[in-house]
Amino acid sequence: MKVLVLGAGQLARMMALAGAPLNIKISAYDVRSGKIVHPLTQEVLGQGLENGIADADVITAEFEHIAPDILSVCQASGRFYPGEEAILTGGDRRKEKTLLDRAGVNNARYQVIENRDDYDAAIAKIGLPLILKSALDGYDGKGQWRLKTDRDIDAVWQDIGQFLKTSPQGSRQCVIAEEFVPFDREVSLIGARNAQGELEIYPLTENIHTNGILSVSISAGENDAVQSQAEAMFKSVADTLNYVGVLAIEFFDVDGTLMVNEIAPRVHNSGHWTQQGADVCQFENHLRAVCDLPLGSAKRIRPTAMINIVGNVTVPTSVMHQAHVHWYDKEPRPGRKIGHINLCADSASTLGDTLDSIAELLVDDEFPALKLAADNLR
Ligand code: ATP
Ligand code: MG
């Protein structure tokens, strides 16, 4: 089986690693250069999307910020999963909010902003504080503004107005104003759905972000009521999209009630723990789904934590006594994810102890939130 992945980053790389035992061969289409590359070596294998599609049994994607013309060419092949609509929806907060409403799942109140009048109307309707997010091209907290007090209304509009005027997306770009949700914690749910509508859903993962970037993600045990809420919303969103593949949903937990923040129509950073912590990892399950193979068990086999390696930081090899290290073979740059560390334990409290001892080996500023994550486990 040959799978072409749109995007040639670490997610395509990890799909290639997970697909190898199944004889699934992955090539990656680098949407910027138009080259088809090997996802592990980056060796150039060919040129042009059409050639990549002609040579593939199945086409999928590792990210959602892909130009619509590329998506429509893939869709026309009839072999693109989860497909054009799902990727467009994940890449556009306006479409995403419409989907969440259509699927009937709880999400933050919002207004679409295209001009100053819309902005003033959103402030009047939702009230402050507000979070404002670009509809297109947002990730890792980029393209976001926070409006906390009346005093800042004009200054924040200055920025947003300028952003809308100069956006390379032109009139497709807009901003979504959202009510500020006073959440207790952030969790995400990863699951796979196949073409027959069958589901395999992993246990919830708790996520700790620093400056908009995921620092630590932990799956160690979950309240059944919260897990059931998340699964019901997952099913509703995935069925509405007639989704095929792995889908990730990020939630806010407000006093035991979940609210969807956003969806990602792909394998997700907060699912990397499944490589060591689940029966079948998210990358293999995504390939199983899109290749129409039986889905694998998403059962958690042991409490597991994932720590992102971001930027130019030091990871002593001694962490390997207690953990699995996954490098992406990327040049370090500030804010760039270049690898992750997975650590497992027999129980949540032992996982807290292991996190503490790994934290001893790492520089606090380079790996924020480890102590907080460890404390949450006890
Ligand atoms: P990523 O791609 O890394 O998931 P993103 O740039 O797509 O991030 P969001 O997930 O929407 O953006 O927002 C980033 C973070 O900002 C969230 O994880 C959350 O901590 C905070 N946030 C977003 N929306 C709200 C909200 N309505 N109320 C309170 N906090 C919010
Ligand atoms: Mg997010």
# chains A, B, ... in the order shown; residues from 1 in each chain; ligands from 1

$ residues_around --residues "Lys148 of chain A" --least-positions-apart "6" --cutoff "7 Å" --atoms "only C-alpha atoms" --output "compact mmCIF listing (two decimals) with N, CA and C atoms, in the first residue's frame"
# COMPACT_ATOMS: atom_id res chain seq x y z
N LEU A 128 -16.55 41.55 27.64
CA LEU A 128 -15.12 41.31 27.85
C LEU A 128 -14.94 40.41 29.08
N PRO A 129 -13.82 39.68 29.17
CA PRO A 129 -12.73 39.59 28.20
C PRO A 129 -13.09 38.75 26.98
N LEU A 130 -12.42 39.05 25.89
CA LEU A 130 -12.62 38.34 24.62
C LEU A 130 -11.30 37.77 24.13

$ residues_near_ligand --ligand "ligand 1" --cutoff "8 Å" --atoms "only C-alpha atoms and all ligand atoms" --output "MDAnalysis selection string"
chainID A and resid 108 130:131 133 138:144 178:183 186 209 212:214 250 252 261:262

$ write_last_selection --atoms "N, CA and C atoms" --output "PDB file, in the first residue's frame"
ATOM      1  N   ALA A 108     -17.517  27.580  22.777  1.00  0.00           N
ATOM      2  CA  ALA A 108     -17.578  28.962  23.266  1.00  0.00           C
ATOM      3  C   ALA A 108     -18.412  29.835  22.327  1.00  0.00           C
ATOM      4  N   LEU A 130     -12.417  39.055  25.885  1.00  0.00           N
ATOM      5  CA  LEU A 130     -12.625  38.344  24.618  1.00  0.00           C
ATOM      6  C   LEU A 130     -11.305  37.769  24.128  1.00  0.00           C
ATOM      7  N   ILE A 131     -11.387  36.611  23.466  1.00  0.00           N
ATOM      8  CA  ILE A 131     -10.223  36.091  22.740  1.00  0.00           C
ATOM      9  C   ILE A 131     -10.553  36.237  21.268  1.00  0.00           C
ATOM     10  N   LYS A 133      -9.306  35.368  17.349  1.00  0.00           N
ATOM     11  CA  LYS A 133      -8.427  34.416  16.664  1.00  0.00           C
ATOM     12  C   LYS A 133      -8.578  34.562  15.159  1.00  0.00           C
ATOM     13  N   GLY A 138      -3.916  29.975  11.871  1.00  0.00           N
ATOM     14  CA  GLY A 138      -3.548  30.035  13.293  1.00  0.00           C
ATOM     15  C   GLY A 138      -3.005  28.698  13.775  1.00  0.00           C
ATOM     16  N   TYR A 139      -1.937  28.720  14.543  1.00  0.00           N
ATOM     17  CA  TYR A 139      -1.456  27.515  15.228  1.00  0.00           C
ATOM     18  C   TYR A 139      -0.527  27.935  16.348  1.00  0.00           C
ATOM     19  N   ASP A 140      -0.348  27.039  17.320  1.00  0.00           N
ATOM     20  CA  ASP A 140       0.515  27.312  18.473  1.00  0.00           C
ATOM     21  C   ASP A 140       0.243  28.701  19.068  1.00  0.00           C
ATOM     22  N   GLY A 141      -1.017  29.096  19.122  1.00  0.00           N
ATOM     23  CA  GLY A 141      -1.380  30.373  19.731  1.00  0.00           C
ATOM     24  C   GLY A 141      -1.050  31.588  18.863  1.00  0.00           C
ATOM     25  N   LYS A 142      -0.557  31.371  17.622  1.00  0.00           N
ATOM     26  CA  LYS A 142      -0.250  32.515  16.738  1.00  0.00           C
ATOM     27  C   LYS A 142      -1.549  33.025  16.116  1.00  0.00           C
ATOM     28  N   GLY A 143      -1.562  34.321  15.788  1.00  0.00           N
ATOM     29  CA  GLY A 143      -2.782  34.898  15.216  1.00  0.00           C
ATOM     30  C   GLY A 143      -3.874  35.004  16.263  1.00  0.00           C
ATOM     31  N   GLN A 144      -3.510  35.403  17.490  1.00  0.00           N
ATOM     32  CA  GLN A 144      -4.515  35.576  18.551  1.00  0.00           C
ATOM     33  C   GLN A 144      -4.312  36.886  19.280  1.00  0.00           C
ATOM     34  N   GLU A 178     -14.254  35.207  20.504  1.00  0.00           N
ATOM     35  CA  GLU A 178     -14.812  34.143  21.344  1.00  0.00           C
ATOM     36  C   GLU A 178     -14.906  34.604  22.781  1.00  0.00           C
ATOM     37  N   GLU A 179     -15.930  34.160  23.472  1.00  0.00           N
ATOM     38  CA  GLU A 179     -16.000  34.434  24.911  1.00  0.00           C
ATOM     39  C   GLU A 179     -14.778  33.806  25.577  1.00  0.00           C
ATOM     40  N   PHE A 180     -14.290  34.438  26.625  1.00  0.00           N
ATOM     41  CA  PHE A 180     -13.173  33.881  27.377  1.00  0.00           C
ATOM     42  C   PHE A 180     -13.716  32.798  28.304  1.00  0.00           C
ATOM     43  N   VAL A 181     -13.192  31.589  28.176  1.00  0.00           N
ATOM     44  CA  VAL A 181     -13.694  30.468  28.974  1.00  0.00           C
ATOM     45  C   VAL A 181     -12.785  30.274  30.200  1.00  0.00           C
ATOM     46  N   PRO A 182     -13.336  30.390  31.403  1.00  0.00           N
ATOM     47  CA  PRO A 182     -12.513  30.242  32.607  1.00  0.00           C
ATOM     48  C   PRO A 182     -12.321  28.765  32.937  1.00  0.00           C
ATOM     49  N   PHE A 183     -11.519  28.091  32.127  1.00  0.00           N
ATOM     50  CA  PHE A 183     -11.423  26.630  32.272  1.00  0.00           C
ATOM     51  C   PHE A 183     -10.524  26.217  33.439  1.00  0.00           C
ATOM     52  N   GLU A 186      -7.193  21.864  30.325  1.00  0.00           N
ATOM     53  CA  GLU A 186      -7.434  21.557  28.913  1.00  0.00           C
ATOM     54  C   GLU A 186      -7.171  20.072  28.687  1.00  0.00           C
ATOM     55  N   HIS A 209      -0.031  23.927  28.344  1.00  0.00           N
ATOM     56  CA  HIS A 209       0.637  24.776  27.342  1.00  0.00           C
ATOM     57  C   HIS A 209       1.496  25.826  28.035  1.00  0.00           C
ATOM     58  N   GLY A 212       1.410  29.365  24.560  1.00  0.00           N
ATOM     59  CA  GLY A 212       0.681  28.894  23.383  1.00  0.00           C
ATOM     60  C   GLY A 212       1.193  27.579  22.794  1.00  0.00           C
ATOM     61  N   ILE A 213       2.288  27.051  23.337  1.00  0.00           N
ATOM     62  CA  ILE A 213       2.823  25.795  22.776  1.00  0.00           C
ATOM     63  C   ILE A 213       2.636  24.673  23.799  1.00  0.00           C
ATOM     64  N   LEU A 214       2.235  23.510  23.310  1.00  0.00           N
ATOM     65  CA  LEU A 214       2.038  22.364  24.209  1.00  0.00           C
ATOM     66  C   LEU A 214       3.376  21.981  24.848  1.00  0.00           C
ATOM     67  N   GLU A 250      -9.804  19.239  20.883  1.00  0.00           N
ATOM     68  CA  GLU A 250      -9.324  19.892  22.107  1.00  0.00           C
ATOM     69  C   GLU A 250     -10.522  20.452  22.857  1.00  0.00           C
ATOM     70  N   PHE A 252     -12.030  22.428  26.651  1.00  0.00           N
ATOM     71  CA  PHE A 252     -11.853  23.072  27.943  1.00  0.00           C
ATOM     72  C   PHE A 252     -12.712  22.281  28.930  1.00  0.00           C
ATOM     73  N   ASN A 261     -12.868  23.299  22.200  1.00  0.00           N
ATOM     74  CA  ASN A 261     -12.103  24.487  21.777  1.00  0.00           C
ATOM     75  C   ASN A 261     -11.904  24.427  20.276  1.00  0.00           C
ATOM     76  N   GLU A 262     -11.229  23.389  19.820  1.00  0.00           N
ATOM     77  CA  GLU A 262     -11.026  23.276  18.371  1.00  0.00           C
ATOM     78  C   GLU A 262     -10.793  21.822  17.989  1.00  0.00           C
TER      79      GLU A 262
END

$ closest_atom_pairs --of "segment 244-281 of chain A" --to "segment 292-302 of chain A" --cutoff "6 Å" --atoms "only C-alpha atoms" --output "CSV"
residue,atom,partner,partner_atom,distance
A:Gly277,CA,A:Arg302,CA,5.4
A:Ala278,CA,A:Arg300,CA,4.2
A:Asp279,CA,A:Lys299,CA,5.6
A:Val280,CA,A:Gly296,CA,5.6

$ write_last_selection --atoms "all heavy atoms" --output "short mmCIF file (atom, residue, chain, number, x, y, z; two decimals), in the first residue's frame"
data_model
loop_
_atom_site.label_atom_id
_atom_site.label_comp_id
_atom_site.auth_asym_id
_atom_site.auth_seq_id
_atom_site.Cartn_x
_atom_site.Cartn_y
_atom_site.Cartn_z
N GLY A 277 2.12 4.33 25.10
CA GLY A 277 1.11 4.15 26.14
C GLY A 277 -0.14 3.42 25.70
O GLY A 277 -0.98 3.10 26.54
N ALA A 278 -0.30 3.17 24.40
CA ALA A 278 -1.54 2.54 23.94
C ALA A 278 -1.23 1.27 23.16
O ALA A 278 -0.12 1.07 22.68
CB ALA A 278 -2.34 3.50 23.07
N ASP A 279 -2.24 0.43 23.06
CA ASP A 279 -2.12 -0.83 22.33
C ASP A 279 -1.63 -0.58 20.91
O ASP A 279 -0.64 -1.14 20.46
CB ASP A 279 -3.52 -1.46 22.28
CG ASP A 279 -3.51 -2.87 22.80
OD1 ASP A 279 -2.43 -3.46 22.83
OD2 ASP A 279 -4.59 -3.36 23.16
N VAL A 280 -2.35 0.28 20.19
CA VAL A 280 -1.98 0.65 18.82
C VAL A 280 -1.91 2.18 18.80
O VAL A 280 -2.83 2.83 19.28
CB VAL A 280 -3.03 0.14 17.81
CG1 VAL A 280 -2.76 0.67 16.41
CG2 VAL A 280 -3.05 -1.39 17.79
#

$ residues_around --residues "Leu17 of chain A" --least-positions-apart "4" --cutoff "12 Å" --atoms "only C-alpha atoms" --output "PyMOL selection string"
chain A and resi 10-13+21-27+38-41+275+281-284+287+326+328

$ atom_distance --atom1 "atom CA of Lys337 of chain A" --atom2 "atom CA of Ile309 of chain A"
5.9 Å

$ closest_residue --among "A:Gly91, A:Gly9, A:Gly52, A:Gly46" --to "ligand 2" --atoms "only C-alpha atoms and all ligand atoms"
A:Gly91

$ select_by_dssp --residues "segment 206-310 of chain A" --states "strand (DSSP E or B)" --output "number ranges by chain"
A: 206-210, 213-219, 245-254, 257-264, 278, 300, 304-310

$ write_last_selection --atoms "N, CA and C atoms" --output "compact mmCIF listing (two decimals), in the first residue's frame"
# COMPACT_ATOMS: atom_id res chain seq x y z
N GLU A 206 -4.53 15.08 29.21
CA GLU A 206 -4.55 16.42 29.79
C GLU A 206 -3.33 17.19 29.28
N ASN A 207 -3.58 18.43 28.83
CA ASN A 207 -2.52 19.19 28.16
C ASN A 207 -2.14 20.45 28.94
N ILE A 208 -0.84 20.68 29.05
CA ILE A 208 -0.37 21.92 29.68
C ILE A 208 0.43 22.70 28.64
N HIS A 209 -0.03 23.93 28.34
CA HIS A 209 0.64 24.78 27.34
C HIS A 209 1.50 25.83 28.04
N THR A 210 2.56 26.25 27.36
CA THR A 210 3.36 27.39 27.82
C THR A 210 3.51 28.33 26.63
N ILE A 213 2.29 27.05 23.34
CA ILE A 213 2.82 25.80 22.78
C ILE A 213 2.64 24.67 23.80
N LEU A 214 2.24 23.51 23.31
CA LEU A 214 2.04 22.36 24.21
C LEU A 214 3.38 21.98 24.85
N SER A 215 3.41 21.92 26.19
CA SER A 215 4.63 21.52 26.89
C SER A 215 4.56 20.05 27.27
N VAL A 216 3.48 19.69 27.96
CA VAL A 216 3.36 18.34 28.48
C VAL A 216 1.94 17.85 28.24
N SER A 217 1.82 16.57 27.93
CA SER A 217 0.53 15.96 27.68
C SER A 217 0.52 14.62 28.43
N ILE A 218 -0.53 14.41 29.21
CA ILE A 218 -0.53 13.23 30.07
C ILE A 218 -1.82 12.44 29.94
N SER A 219 -1.68 11.14 29.78
CA SER A 219 -2.85 10.27 29.83
C SER A 219 -2.61 9.28 30.95
N GLY A 245 -10.22 8.45 9.37
CA GLY A 245 -8.85 8.72 9.80
C GLY A 245 -8.84 9.05 11.28
N VAL A 246 -7.70 9.56 11.74
CA VAL A 246 -7.61 10.00 13.13
C VAL A 246 -8.01 11.47 13.21
N LEU A 247 -8.82 11.78 14.21
CA LEU A 247 -9.31 13.13 14.45
C LEU A 247 -8.97 13.48 15.90
N ALA A 248 -8.54 14.73 16.12
CA ALA A 248 -8.26 15.18 17.49
C ALA A 248 -9.22 16.30 17.84
N ILE A 249 -9.72 16.28 19.07
CA ILE A 249 -10.59 17.37 19.55
C ILE A 249 -10.02 17.91 20.85
N GLU A 250 -9.80 19.24 20.88
CA GLU A 250 -9.32 19.89 22.11
C GLU A 250 -10.52 20.45 22.86
N PHE A 251 -10.52 20.23 24.19
CA PHE A 251 -11.63 20.69 25.03
C PHE A 251 -11.13 21.56 26.18
N PHE A 252 -12.03 22.43 26.65
CA PHE A 252 -11.85 23.07 27.94
C PHE A 252 -12.71 22.28 28.93
N ASP A 253 -12.17 22.02 30.11
CA ASP A 253 -12.94 21.40 31.18
C ASP A 253 -13.29 22.50 32.17
N VAL A 254 -14.59 22.80 32.26
CA VAL A 254 -15.06 23.81 33.20
C VAL A 254 -15.89 23.08 34.25
N THR A 257 -17.57 19.94 33.11
CA THR A 257 -18.33 20.02 31.85
C THR A 257 -17.38 20.41 30.73
N LEU A 258 -17.42 19.64 29.65
CA LEU A 258 -16.50 19.91 28.55
C LEU A 258 -17.12 20.83 27.51
N MET A 259 -16.24 21.63 26.91
CA MET A 259 -16.61 22.54 25.83
C MET A 259 -15.54 22.35 24.76
N VAL A 260 -15.94 22.20 23.51
CA VAL A 260 -14.92 22.01 22.47
C VAL A 260 -14.20 23.33 22.22
N ASN A 261 -12.87 23.30 22.20
CA ASN A 261 -12.10 24.49 21.78
C ASN A 261 -11.90 24.43 20.28
N GLU A 262 -11.23 23.39 19.82
CA GLU A 262 -11.03 23.28 18.37
C GLU A 262 -10.79 21.82 17.99
N ILE A 263 -10.83 21.57 16.68
CA ILE A 263 -10.57 20.22 16.19
C ILE A 263 -9.32 20.25 15.31
N ALA A 264 -8.67 19.10 15.19
CA ALA A 264 -7.56 18.96 14.24
C ALA A 264 -7.83 17.70 13.43
N ALA A 278 -0.30 3.17 24.40
CA ALA A 278 -1.54 2.54 23.94
C ALA A 278 -1.23 1.27 23.16
N ARG A 300 -5.49 2.11 26.57
CA ARG A 300 -4.24 2.54 27.22
C ARG A 300 -3.65 1.36 27.97
N THR A 304 0.97 7.33 30.78
CA THR A 304 2.09 7.82 29.97
C THR A 304 2.06 9.35 29.89
N ALA A 305 3.25 9.93 29.92
CA ALA A 305 3.38 11.39 29.74
C ALA A 305 4.24 11.67 28.52
N MET A 306 3.89 12.74 27.82
CA MET A 306 4.68 13.18 26.66
C MET A 306 5.19 14.59 26.96
N ILE A 307 6.49 14.78 26.76
CA ILE A 307 7.10 16.09 26.99
C ILE A 307 7.65 16.58 25.65
N ASN A 308 7.22 17.76 25.21
CA ASN A 308 7.73 18.27 23.94
C ASN A 308 9.15 18.82 24.08
N ILE A 309 9.97 18.60 23.07
CA ILE A 309 11.31 19.20 23.01
C ILE A 309 11.20 20.37 22.02
N VAL A 310 11.31 21.59 22.54
CA VAL A 310 11.03 22.79 21.73
C VAL A 310 12.26 23.69 21.68

$ atom_distance --atom1 "atom CA of Ala373 of chain A" --atom2 "atom CA of Glu222 of chain A"
14.9 Å

$ residues_around --residues "Leu100 of chain A" --least-positions-apart "6" --cutoff "12 Å" --atoms "only C-alpha atoms" --output "JSON, numbers by chain"
{"A": [89, 90, 93, 94, 106, 107, 108, 109, 110, 233, 234, 235, 236, 237, 238, 239, 240, 241, 249, 259, 260, 261, 262, 263]}

$ closest_residue --among "A:Thr149, A:Thr60, A:Gln173, A:Asn376" --to "Val112 of chain A" --atoms "only C-alpha atoms"
A:Gln173

$ atom_distance --atom1 "atom CA of Asp346 of chain A" --atom2 "atom CA of Leu204 of chain A"
17.5 Å
